[in-house]
Amino acid sequence: MDRTDSRANLAFLTDNLKSRERLGLHLVAGAPADLDRLLALFIPTPEFSCLEDLSRNMRECKRCPLHQGRRKVVFGQGPTSATVMFIGEAPGEKEDEKGLPFVGPAGMLLTRMLAAVGLKREQVYITNIVKCRPPQNRDPLPEEAAACRPFLEAQVRAVQPRVICALGRPAAQSLLGTKAPISALRGNWQTYGQIRLLPLFHPAFLLRQPERKAEAYRDLKALARELGIASAQEARK
Ligand code: SF4
């Protein structure tokens, strides 16, 4: 199906569902807003030839309600040749202001965590499950993550990382389709399609609970081993 077909189908579906709604026949029980949310999932993703192009074309994205409160879409940052992709849950206040991922205090800790295993921030690709800041920094809702997933999938396809690191519970649960707690997931290798995936503590969590940094460091050493690089500590021995 080409894009013209999918737009025509979307228009047909919209008309059909709106007519049913006018007759009081709801496909989804609940408020009419449910219908708008459902229809948003059928909005085609913007056309793009490369990630920069997609990033430019999605600045006006309204596929989910998170567009209402955002200042900037926070697409992602890093080289498409990156071996490792770090995926967090959502932009926070600083990220929303700057339009860049992980630029607040948690981002600074992430940079230090990378350095601890011999990685430079410029070498890795960093993004989030959703590209717009949720109100009061709450976790993204499953339907928001679903609406934003085509953008994440496009990033994964373009970068083709050897390893994905899921930062924190919401990202790990969303990527792995599980409700297991991060304490059970962290440090245990999984797969995302054909790609090795390592859940890690989110740096914001480590700022709140610095006593968990030793576990985080063990997980980072596992990442370094997988990538065949010596951690900064091991390199000094
Ligand atoms: Fe679009 Fe993603 Fe922002 Fe929702 S979170 S409005 S799907 S860019």
# chains A, B, ... in the order shown; residues from 1 in each chain; ligands from 1
$ residues_near_ligand --ligand "ligand 1" --cutoff "6 Å" --atoms "only C-alpha atoms and all ligand atoms" --output "PyMOL selection string"
chain A and resi 61-64+66-67+130-132+144+147-148
$ residues_around --residues "Leu176 (chain A)" --least-positions-apart "6" --cutoff "12 Å" --atoms "only C-alpha atoms" --output "number ranges by chain"
A: 164-166, 169-170, 182, 185, 188-193, 195-199
$ residues_around --residues "Ser55 (chain A)" --least-positions-apart "4" --cutoff "8 Å" --atoms "only C-alpha atoms" --output "number ranges by chain"
A: 51, 59, 75
$ residues_around --residues "Glu89 (chain A)" --least-positions-apart "4" --cutoff "6 Å" --atoms "only C-alpha atoms" --output "ChimeraX atom specification"
/A:128-129,170-171
$ write_last_selection --atoms "C-alpha atoms" --output "tab-separated table (two decimals), in the first residue's frame"
chain	number	residue	atom	x	y	z
A	128	ASN	CA	13.83	8.04	24.23
A	129	ILE	CA	10.71	5.91	23.87
A	170	PRO	CA	9.63	2.36	31.58
A	171	ALA	CA	12.07	2.00	28.66
$ select_by_dssp --residues "region 146-193 of chain A" --states "strand (DSSP E or B)" --output "CSV table (one decimal) with N, CA and C atoms, in the first residue's frame"
chain,number,residue,atom,x,y,z
A,163,VAL,N,24.3,-3.1,20.1
A,163,VAL,CA,23.7,-3.3,21.5
A,163,VAL,C,22.8,-2.1,21.7
A,164,ILE,N,21.6,-2.4,22.3
A,164,ILE,CA,20.7,-1.4,22.9
A,164,ILE,C,20.8,-1.4,24.4
A,165,CYS,N,20.9,-0.3,25.0
A,165,CYS,CA,20.8,-0.2,26.5
A,165,CYS,C,19.5,0.5,26.8
A,166,ALA,N,18.6,-0.2,27.5
A,166,ALA,CA,17.3,0.4,27.9
A,166,ALA,C,17.6,1.0,29.3
A,167,LEU,N,17.4,2.4,29.3
A,167,LEU,CA,17.7,3.1,30.6
A,167,LEU,C,16.4,3.2,31.4
A,190,GLN,N,19.1,-9.4,27.1
A,190,GLN,CA,17.9,-9.8,26.5
A,190,GLN,C,18.1,-9.5,25.0
A,191,THR,N,17.0,-9.7,24.2
A,191,THR,CA,17.1,-9.3,22.8
A,191,THR,C,15.9,-8.4,22.4
A,192,TYR,N,16.2,-7.5,21.4
A,192,TYR,CA,15.2,-6.7,20.8
A,192,TYR,C,15.2,-7.0,19.3
$ closest_residue --among "A:Ala116, A:Phe205, A:Gln123, A:Ser174" --to "Arg218 (chain A)" --atoms "only C-alpha atoms"
A:Ala116
$ residues_around --residues "Leu220 (chain A)" --least-positions-apart "6" --cutoff "9 Å" --atoms "only C-alpha atoms" --output "number ranges by chain"
A: 113-114, 116-117, 187, 200, 231
$ closest_residue --among "A:Ala204, A:Ala216, A:Ala115, A:Leu54" --to "Pro91 (chain A)" --atoms "only C-alpha atoms"
A:Ala204
$ select_by_dssp --residues "region 29-220 of chain A" --states "helix (DSSP H, G or I)" --output "PyMOL selection string"
chain A and resi 33-40+51-57+65-68+93-98+105-116+121-123+135-137+142-159+169-176+182-185+203-208+210-220
$ atom_distance --atom1 "CA of Gln173 (chain A)" --atom2 "CA of Phe48 (chain A)"
28.3 Å
$ atom_distance --atom1 "CA of Tyr217 (chain A)" --atom2 "CA of Arg162 (chain A)"
20.1 Å
$ decode --residues "region 127-210 of chain A" --atoms "C-alpha atoms" --output "PDB file, in the first residue's frame"
ATOM      1  CA  THR A 127      17.048   8.760  22.344  1.00  0.00           C
ATOM      2  CA  ASN A 128      13.827   8.043  24.229  1.00  0.00           C
ATOM      3  CA  ILE A 129      10.714   5.906  23.873  1.00  0.00           C
ATOM      4  CA  VAL A 130       8.621   9.066  23.384  1.00  0.00           C
ATOM      5  CA  LYS A 131       9.968  12.256  21.872  1.00  0.00           C
ATOM      6  CA  CYS A 132       7.808  14.779  23.749  1.00  0.00           C
ATOM      7  CA  ARG A 133       7.867  15.579  27.457  1.00  0.00           C
ATOM      8  CA  PRO A 134       4.991  14.048  29.475  1.00  0.00           C
ATOM      9  CA  PRO A 135       3.272  16.401  31.956  1.00  0.00           C
ATOM     10  CA  GLN A 136       5.028  16.556  35.349  1.00  0.00           C
ATOM     11  CA  ASN A 137       7.604  14.108  33.970  1.00  0.00           C
ATOM     12  CA  ARG A 138       5.225  11.182  34.447  1.00  0.00           C
ATOM     13  CA  ASP A 139       5.947   7.863  32.734  1.00  0.00           C
ATOM     14  CA  PRO A 140       4.770   7.701  29.113  1.00  0.00           C
ATOM     15  CA  LEU A 141       1.442   5.879  28.735  1.00  0.00           C
ATOM     16  CA  PRO A 142       1.431   2.681  26.638  1.00  0.00           C
ATOM     17  CA  GLU A 143      -0.637   4.364  23.912  1.00  0.00           C
ATOM     18  CA  GLU A 144       1.823   7.290  23.766  1.00  0.00           C
ATOM     19  CA  ALA A 145       4.729   4.858  23.456  1.00  0.00           C
ATOM     20  CA  ALA A 146       2.811   2.998  20.724  1.00  0.00           C
ATOM     21  CA  ALA A 147       2.106   6.221  18.820  1.00  0.00           C
ATOM     22  CA  CYS A 148       5.789   7.191  18.934  1.00  0.00           C
ATOM     23  CA  ARG A 149       7.149   3.695  18.208  1.00  0.00           C
ATOM     24  CA  PRO A 150       7.466   4.166  14.402  1.00  0.00           C
ATOM     25  CA  PHE A 151      10.017   6.936  15.048  1.00  0.00           C
ATOM     26  CA  LEU A 152      12.026   4.764  17.406  1.00  0.00           C
ATOM     27  CA  GLU A 153      11.865   1.871  14.957  1.00  0.00           C
ATOM     28  CA  ALA A 154      13.147   4.175  12.191  1.00  0.00           C
ATOM     29  CA  GLN A 155      16.054   5.184  14.435  1.00  0.00           C
ATOM     30  CA  VAL A 156      16.909   1.563  15.258  1.00  0.00           C
ATOM     31  CA  ARG A 157      16.747   0.618  11.557  1.00  0.00           C
ATOM     32  CA  ALA A 158      18.971   3.559  10.562  1.00  0.00           C
ATOM     33  CA  VAL A 159      21.577   3.090  13.298  1.00  0.00           C
ATOM     34  CA  GLN A 160      21.537  -0.725  13.416  1.00  0.00           C
ATOM     35  CA  PRO A 161      23.311  -0.758  16.769  1.00  0.00           C
ATOM     36  CA  ARG A 162      25.078  -3.866  17.988  1.00  0.00           C
ATOM     37  CA  VAL A 163      23.696  -3.252  21.474  1.00  0.00           C
ATOM     38  CA  ILE A 164      20.700  -1.359  22.854  1.00  0.00           C
ATOM     39  CA  CYS A 165      20.815  -0.195  26.475  1.00  0.00           C
ATOM     40  CA  ALA A 166      17.345   0.422  27.913  1.00  0.00           C
ATOM     41  CA  LEU A 167      17.673   3.082  30.596  1.00  0.00           C
ATOM     42  CA  GLY A 168      15.237   2.581  33.450  1.00  0.00           C
ATOM     43  CA  ARG A 169      12.010   0.687  34.072  1.00  0.00           C
ATOM     44  CA  PRO A 170       9.629   2.363  31.579  1.00  0.00           C
ATOM     45  CA  ALA A 171      12.067   1.995  28.665  1.00  0.00           C
ATOM     46  CA  ALA A 172      13.005  -1.597  29.535  1.00  0.00           C
ATOM     47  CA  GLN A 173       9.381  -2.632  30.073  1.00  0.00           C
ATOM     48  CA  SER A 174       8.208  -0.959  26.880  1.00  0.00           C
ATOM     49  CA  LEU A 175      10.974  -2.427  24.710  1.00  0.00           C
ATOM     50  CA  LEU A 176      10.708  -5.904  26.189  1.00  0.00           C
ATOM     51  CA  GLY A 177       6.925  -5.986  26.589  1.00  0.00           C
ATOM     52  CA  THR A 178       7.156  -6.997  30.228  1.00  0.00           C
ATOM     53  CA  LYS A 179       5.954  -5.726  33.594  1.00  0.00           C
ATOM     54  CA  ALA A 180       9.000  -7.092  35.454  1.00  0.00           C
ATOM     55  CA  PRO A 181      10.656  -4.572  37.792  1.00  0.00           C
ATOM     56  CA  ILE A 182      13.926  -2.930  36.748  1.00  0.00           C
ATOM     57  CA  SER A 183      15.645  -4.540  39.763  1.00  0.00           C
ATOM     58  CA  ALA A 184      14.963  -7.916  38.093  1.00  0.00           C
ATOM     59  CA  LEU A 185      15.719  -6.769  34.536  1.00  0.00           C
ATOM     60  CA  ARG A 186      18.912  -4.748  35.006  1.00  0.00           C
ATOM     61  CA  GLY A 187      22.159  -6.388  34.002  1.00  0.00           C
ATOM     62  CA  ASN A 188      20.398  -9.333  32.320  1.00  0.00           C
ATOM     63  CA  TRP A 189      20.964  -9.573  28.606  1.00  0.00           C
ATOM     64  CA  GLN A 190      17.854  -9.773  26.452  1.00  0.00           C
ATOM     65  CA  THR A 191      17.116  -9.282  22.770  1.00  0.00           C
ATOM     66  CA  TYR A 192      15.157  -6.683  20.830  1.00  0.00           C
ATOM     67  CA  GLY A 193      14.554  -8.322  17.468  1.00  0.00           C
ATOM     68  CA  GLN A 194      18.032  -9.459  16.492  1.00  0.00           C
ATOM     69  CA  ILE A 195      19.790  -6.879  18.682  1.00  0.00           C
ATOM     70  CA  ARG A 196      21.305  -7.596  22.108  1.00  0.00           C
ATOM     71  CA  LEU A 197      19.582  -5.468  24.744  1.00  0.00           C
ATOM     72  CA  LEU A 198      20.875  -4.678  28.214  1.00  0.00           C
ATOM     73  CA  PRO A 199      18.518  -3.018  30.723  1.00  0.00           C
ATOM     74  CA  LEU A 200      20.318  -0.536  32.999  1.00  0.00           C
ATOM     75  CA  PHE A 201      19.311   1.713  35.863  1.00  0.00           C
ATOM     76  CA  HIS A 202      18.290   5.169  34.646  1.00  0.00           C
ATOM     77  CA  PRO A 203      20.848   7.828  35.655  1.00  0.00           C
ATOM     78  CA  ALA A 204      18.026   9.902  37.229  1.00  0.00           C
ATOM     79  CA  PHE A 205      17.305   6.934  39.511  1.00  0.00           C
ATOM     80  CA  LEU A 206      21.006   6.720  40.408  1.00  0.00           C
ATOM     81  CA  LEU A 207      20.988  10.410  41.317  1.00  0.00           C
ATOM     82  CA  ARG A 208      18.160   9.667  43.760  1.00  0.00           C
ATOM     83  CA  GLN A 209      19.708   6.417  45.003  1.00  0.00           C
ATOM     84  CA  PRO A 210      23.505   6.743  44.692  1.00  0.00           C
TER      85      PRO A 210
END
